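Structure record follows, encoded as structure tokens.
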There are 4 protein chains.
Amino acid sequence: MGGSSFGVLFRVTTFGESHGPALGAIVDGCPAGLPLCEADLQRDLDRRRPGQSRFTTQRQEADQVRILSGTFEGVTTGTPIGLLIENSDQRSKDYSAIQQMFRPGHADYTYWRKYGVRDHRGGGRASARETALRVAAGGVAKRLLATQGVQVRAALIAMGHEQIDRSRWSWEAVEENPFFSPDPQMVPRCAALLDRLRQQGDSVGALLEVVASGVPAGWGEPVFDRLDADLAKAIMSINAVKGVEIGDGMAVATGNGSQLADEMVADPAAPGGVGFLSNHAGGILGGISSGQEIVIRLAVKPTSSITIAKRTVDVHGQNQQIQTKGRHDPCVGIRAVPVAEAMTALVLADHFLRFRPPQPL
Amino acid sequence: MGGSSFGVLFRVTTFGESHGPALGAIVDGCPAGLPLCEADLQRDLDRRRPGQSRFTTQRQEADQVRILSGTFEGVTTGTPIGLLIENSDQRSKDYSAIQQMFRPGHADYTYWRKYGVRDHRGGGRASARETALRVAAGGVAKRLLATQGVQVRAALIAMGHEQIDRSRWSWEAVEENPFFSPDPQMVPRCAALLDRLRQQGDSVGALLEVVASGVPAGWGEPVFDRLDADLAKAIMSINAVKGVEIGDGMAVATGNGSQLADEMVADPAAPGGVGFLSNHAGGILGGISSGQEIVIRLAVKPTSSITIAKRTVDVHGQNQQIQTKGRHDPCVGIRAVPVAEAMTALVLADHFLRFRPPQPL
Amino acid sequence: MGGSSFGVLFRVTTFGESHGPALGAIVDGCPAGLPLCEADLQRDLDRRRPGQSRFTTQRQEADQVRILSGTFEGVTTGTPIGLLIENSDQRSKDYSAIQQMFRPGHADYTYWRKYGVRDHRGGGRASARETALRVAAGGVAKRLLATQGVQVRAALIAMGHEQIDRSRWSWEAVEENPFFSPDPQMVPRCAALLDRLRQQGDSVGALLEVVASGVPAGWGEPVFDRLDADLAKAIMSINAVKGVEIGDGMAVATGNGSQLADEMVADPAAPGGVGFLSNHAGGILGGISSGQEIVIRLAVKPTSSITIAKRTVDVHGQNQQIQTKGRHDPCVGIRAVPVAEAMTALVLADHFLRFRPPQPL
Amino acid sequence: MGGSSFGVLFRVTTFGESHGPALGAIVDGCPAGLPLCEADLQRDLDRRRPGQSRFTTQRQEADQVRILSGTFEGVTTGTPIGLLIENSDQRSKDYSAIQQMFRPGHADYTYWRKYGVRDHRGGGRASARETALRVAAGGVAKRLLATQGVQVRAALIAMGHEQIDRSRWSWEAVEENPFFSPDPQMVPRCAALLDRLRQQGDSVGALLEVVASGVPAGWGEPVFDRLDADLAKAIMSINAVKGVEIGDGMAVATGNGSQLADEMVADPAAPGGVGFLSNHAGGILGGISSGQEIVIRLAVKPTSSITIAKRTVDVHGQNQQIQTKGRHDPCVGIRAVPVAEAMTALVLADHFLRFRPPQPL
């Protein structure tokens with residue numbers, strides 16, 4: 001149980017390192033009859049792809065996904081969907097300097113303690129490159145969810161101390177700036193921040209928000225496999241994420257019950273005829289979707305790959321200084337936006353298939 | 001896949017509602033040879049048990065756990081451990097008033113949409129009573145972890161706007177006050193807050209911190225089943241939890257890489273000879289334990305069972321007013337402390353068994 | 001992963017030994033709305049119960065099953081169903097003689113090598129007593145399958161060299177004799193055989209056949225989780241089973257393709273309008289049900305608990321002679337009939353829930 | 001849960017159809033430090049590959065496997081191993097005639113009922129071609145097992161009514177004839193049989209035996225995940241297998257307990273100091289390995305792809321006649337030999353990793 005699979009009925013298994021010949025995924029459990037082609041998946045891959053602006057790593061990867069199985073004449077057949085992305089830009093030499101040292105904040109040390117051997121080229125499986133396949137698999141999930149009227153979107157809502165003004169939220173704007181910010185006025189501030197950080201050789205964290213709309217009431221399970229529990233796992237499994245919130249999140253600790261219970265009213269226009277007067281719960285009650293928008297927030301730490309020198313040890317246990325050269329994102333939170341969408345979509349697709357509408361027996 | 005199981009190698013499955021004859025759990029995968037008796041489990045059950053102080057629900061449940069299988073002559077045999085707690089105080093009449101109505105903030109509505117039928121007595125499976133078995137099963141996990149020198153403890157660090165002063169942190173204090181607060185000076189402030197809330201018929205949220213010490217480096221998996229991802233799921237699966245943080249948590253969004261990367265130094269006294277100068281990562285890097293303390297925080301929302309009237313709808317879709325009578329905790333976060341310990345212990349016990357020390361092949 | 005769970009969506013987990021206070025099971029994933037009461041499960045438990053005739057062990061166990069959760073007002077709620085059977089007749093003293101010895105043909109030696117500790121009373125988890133809970137859980141599965149028009153029945157078709165004449169097959173007869181034989185004329189021959197064996201202190205094997213009727217076409221998965229593969233695992237997991245056949249079974253090795261391919265014809269009376277001219281495949285093609293009857297055969301070895309002396313070793317590795325005293329079945333295959341039905345029903349209920357009817361997306 | 005994964009800790013997931021661009025597998029959970037290269041896997045692939053003699057299908061497939069991830073400098077890294085085989089010989093035109101018809105004995109009809117859509121080219125996922133990846137993944141398992149002194153070998157012991165003489169059994173012979181027969185004198189008889197069948201346009205079944213030697217006592221689990229239960233599933237999941245036996249198999253039905261209990265004696269030369277005087281149990285007692293050889297037999301049905309005309313229906317439910325043209329094996333049992341080895345090795349590798357040696361806690 002290497003832990004490389006995710007989901008119960010809509011199940012994704014991935015393989016691949018940043019520096020091998022290719023990365024891949026198997027999506028098992030996608031129902032037959034879903035129209036699907038490579039272009040459906042490529043769009044999100046292009047959103048995640050490095051080198052799209054001067055604000056992300058300049059490493060060049062084509063990230064062209066191929067569908068190797070599971071479709072016939074443009075439609076899924078119900079059998080596993082094999083996905084493959086070849087690695088094109090493997091400059092292993094960039095990494096030779098760190099072969100003997102553990103980069104602070106990276107998984108170098110923990111991998112070495114877990115496995116005893118280490119592919120020191122680019123973080124191996126811990127590389128953010130692994131998330132490309134999550135995005136590809138999540139694209140299949142999004143396609144499936146779309147047939148149910150469910151849409152999953154994410155945005156960057158803060159970068160360091162720069163925050164959006166929610167009154168200006170625009171989903172259109174998200175796709176029109178290199179930061180996936182829903183507030184156009186935040187864009188130049190982010191650009192200035194990143195330019196400054198790059199000069200300093202430093203990096204910065206980010207806050208992201210994922211919104212799933214159109215999810216009907218009743219998805220999820222009551223105890224361990226709660227919809228929010230599975231979402232928390234999905235989101236926390238993304239590289240560099242250190243916090244996950246559903247609805248009001250950490251802020252509920254300071255709230256009162258009289259404020260936070262979302263009141264309900266008869267509403268013929270709402271799904272199921274039941275409307276809510278607020279959404280503190282983020283669309284999930286008792287682990288099961290309520291029919292409201294599902295709202296998730298996540299905090300992404302700044303990359304630890306910085307050119308400022310740091311203290312560390314080498315594989316022989318000796319003290320060393322390290323500076324991480326190479327082509328790195330000053331804010332990995334940017335490219336985490338499509339990854340967070342993908343992981344959310346994987347959870348929802350799984351619980352869509354797990355949901356069994358109440359019916360007479 | 002009703003989602004009532006948790007863990008891969010150390011696997012817990014639970015059953016039971018608040019108002020049936022009994023609740024139970026099966027712990028499958030506990031190694032043979034572990035000394036285990038009912039008293040080992042009862043201590044944490046007593047910590048979680050209602051009615052222990054005037055600040056929790058006055059519902060009386062003995063919560064006496066019985067071990068029905070899996071031990072012989074005081075030692076585990078390697079076979080599944082059956083645990084049973086009988087329900088003694090089932091006042092179903094308390095709940096008849098809400099038979100036809102959905103309580104806002106509760107799972108009443110979502111269960112009804114998921115299952116089409118509803119055991120309206122006390123929330124059924126969504127009741128916090130279900131967590132008693134998590135605590136019992138977590139007790140087995142704690143016992144197993146203790147053989148590895150691992151200790152899992154939790155504390156309440158904020159209730160509403162009342163917060164601890166970390167400079168006064170005392171693990172001894174945690175066990176000496178009814179709030180599990182590590183700061184004795186916070187105790188009278190919490191007492192006053194809860195007395196005030198009870199008069200108002202209101203409730204309040206809480207912030208908890210879990211610390212696992214003694215976890216060696218190398219536990220966890222690199223991609224989906226990361227140690228932090230599994231912990232996030234475990235914690236978010238607890239009733240009323242809306243946010244989970246590892247290490248610096250949500251605050252990493254505003255940090256810089258130069259501050260947050262935990263520097264490493266040779267330290268003969270540290271496990272593996274490697275010390276860290278800080279612990280922003282909360283003891284987990286790339287999904288794998290680093291040998292530092294694992295630090296988790298969680299936010300627990302205020303109970304939605306309050307006597308202040310709220311708007312809602314009934315099962316016929318008609319608008320109604322509702323006040324939740326009965327015996328409820330004004331701050332469910334208090335009794336969530338042993339539950340958070342238990343869920344953390346379950347994850348760690350599982351990853352202890354999943355860990356395979358590097359060895360020549 | 002102690003291996004005490006079975007099934008994906010309809011999932012059973014069991015605990016309990018022959019000599020502890022109780023045995024139990026959790027059935028997770030049963031849909032809400034299924035009428036279910038204890039009497040539904042008791043009927044098969046009584047069929048499996050020892051002491052029903054002079055041909056089975058005279059150990060007395062009431063085998064009264066209690067439903068502890070998952071139903072409300074006579075109907076399942078969708079939450080896990082807790083089942084409990086208390087052990088009433090625990091004569092541990094019977095087993096003290098074999099405390100230090102490994103019984104040949106039993107799991108004594110292998111358990112000891114696996115766990116290092118051993119509950120020597122009655123085989124512990126390897127006892128046939130464990131199958132009582134399979135029968136109880138299988139009863140829930142049968143109830144669920146009945147709503148789909150599916151019926152699972154089994155019979156004993158050979159005991160040693162005594163065989164049925166298939167031309168006399170009667171399902172009614174199966175329930176009217178102590179051997180579950182579908183051929184009434186076989187009954188006195190079996191009785192004579194068992195009386196003779198009991199005098200000799202010996203035991204005998206049996207051949208069983210399970211037939212599932214009403215299974216629609218389309219249940220199963222194509223590669224690893226084939227319906228026949230899951231059935232083979234289910235059946236082989238029953239104590240003392242050493243062989244499993246689907247349809248023509250082992251005999252296909254000597255057949256020709258021209259004989260064994262079941263021809264198909266248009267048949268308005270058949271399910272789906274497609275009839276078959278034979279059923280060599282036993283109702284499963286490519287791992288998926290064809291709509292024909294599913295036919296399984298299994299061979300059950302004679303119990304190794306015999307009073308004829310056998311050579312063995314003790315826990316110190318010394319040579320010994322052993323005779324198994326106590327109350328044992330001369331033909332454990334008899335009581336395996338309801339167990340084989342139960343395991344078959346568990347697989348079918350699981351694949352019923354896994355089946356997703358083809359639908360436009 | 002499309003059912004395309006197998007195993008718990010050593011877990012294989014496959015994708016790919018006979019007529020897509022490629023087939024692949026992910027082997028997750030293989031420990032780090034195992035020497036592994038493509039040649040290690042190619043040997044068994046070449047044994048399974050069609051066109052190796054005039055007695056198997058003349059379809060030409062290079063079946064060259066590539067390792068895409070999970071190794072570094074010739075050694076496994078502990079991360080998932082991606083395996084890929086490209087399809088080179090996809091003559092889809094061969095299959096156009098059967099596009100509208102269901103071939104009797106094949107999965108055409110059941111796939112259509114399950115999925116509603118059908119990739120009619122060569123059986124899609126039900127094609128024996130899918131087993132190539134099982135052989136590749138099984139090669140990794142064999143390599144891992146070899147480090148524990150475990151060897152898995154299989155042979156064809158009967159083809160139709162032609163049987164081996166066990167007194168002539170030679171494992172060397174198995175690799176020296178195109179039928180994997182351990183009895184050289186059987187070879188010309190099989191050749192004559194197949195030549196005759198080919199003239200008749202017919203096919204024939206086969207009986208195979210798998211022997212795993214070197215398995216220590218203690219592998220397996222006691223209830224559902226018994227070693228024999230998992231082996232039965234693994235073997236029954238192979239295309240065209242209809243029966244599985246462990247040890248004496250179906251023959252135990254006619255045996256007596258006094259004959260079939262394998263007596264034990266002190267034997268300093270045997271593993272654990274315990275020897276057995278016979279092996280009726282096939283090396284497994286109570287679901288756990290005993291240290292003896294594990295012996296499995298399986299019956300493989302004759303291929304249903306024959307040129308003798310058969311009655312069937314088409315997708316419109318009309319009666320039709322069908323002859324399967326194309327390049328087919330007259331005895332698919334031959335090429336099933338390396339597949340049976342591979343599936344056995346997958347189960348054993350999984351239970352090797354699941355085994356936890358008894359140790360003080």
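How things are named: the first chain in the structure tokens is A, the next is B, and so on; residues count from 1 in each chain; ligands count from 1 in the order shown.
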All residues 10 Å or closer to B:Met186, only C-alpha atoms, same chain fewer than 4 positions away omitted, as a PyMOL selection string: chain B and resi 157-159+162-165+168+177+179+181-182+190-191
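What chain C places within 9 Å of chain A, counting only C-alpha atoms, is Val8, Leu9, Pro31, Ala32, Gly33, Leu34, Pro35, Thr79, Leu144, Thr147, Gln148, Pro222, Leu353, Arg354, Arg356, Pro358, Gln359, Pro360 and Leu361 of chain C.
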Taking the DSSP assignment computed from this structure's backbone, write out as number ranges by chain all residues of stretch 161-347 of chain D that belong to strand (DSSP E or B). D: 162-163, 204, 206-213, 220, 241-246, 256, 264-266, 274-276, 284-285, 288-289, 294-300, 310-314, 319-322
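Across the model, the gap from atom CA of B:Leu298 to atom CA of A:Val252 is 10.0 Å.
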Residues of stretch 76-319 of chain A in alpha helix (DSSP H), written as an MDAnalysis selection string: chainID A and resid 108:115 131:146 171:174 187:200 227:236 257:260
Select, from D:Gln151, D:Pro216, D:Asp225, D:Gly138, the residue with the minimum atom-to-atom distance to C:Ser4, counting only C-alpha atoms. D:Asp225
Select from stretch 180-294 of chain D every residue with an atom at most 8 Å from any atom of stretch 106-119 of chain C, then for each give the shortest pair of atoms and their distance in Å to one decimal, using only C-alpha atoms, rows by chain and rising number, as a Markdown table.
| residue | atom | partner | partner_atom | distance |
| --- | --- | --- | --- | --- |
| D:Ala217 | CA | C:Arg113 | CA | 6.1 |
| D:Gly218 | CA | C:Lys114 | CA | 4.0 |
| D:Trp219 | CA | C:Lys114 | CA | 6.8 |
| D:Leu285 | CA | C:Ala107 | CA | 5.1 |
| D:Gly286 | CA | C:Ala107 | CA | 4.7 |
| D:Gly287 | CA | C:Ala107 | CA | 7.9 |
| D:Ile288 | CA | C:Thr110 | CA | 5.8 |
| D:Ser289 | CA | C:Thr110 | CA | 6.5 |
| D:Ser290 | CA | C:Thr110 | CA | 5.5 |
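Close contacts of stretch 54-57 of chain A, defined as residues with an atom at most 6 Å away when counting only C-alpha atoms, with chain neighbours fewer than 3 positions off set aside, comprise Pro50, Gly51, Arg327, His328 and Asp329 of chain A.
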Pick out the closest residue to A:Pro184 from this set: A:Glu293, A:Asp262, A:Asp248, A:Glu172. Count only C-alpha atoms.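 Checking each candidate against A:Pro184, we get A:Glu172 as the closest.
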Show me, as a count of residues only, the residues that have an atom within 6 Å of stretch 339-351 of chain B when counting only C-alpha atoms, minus same-chain residues fewer than 6 positions from it. 11
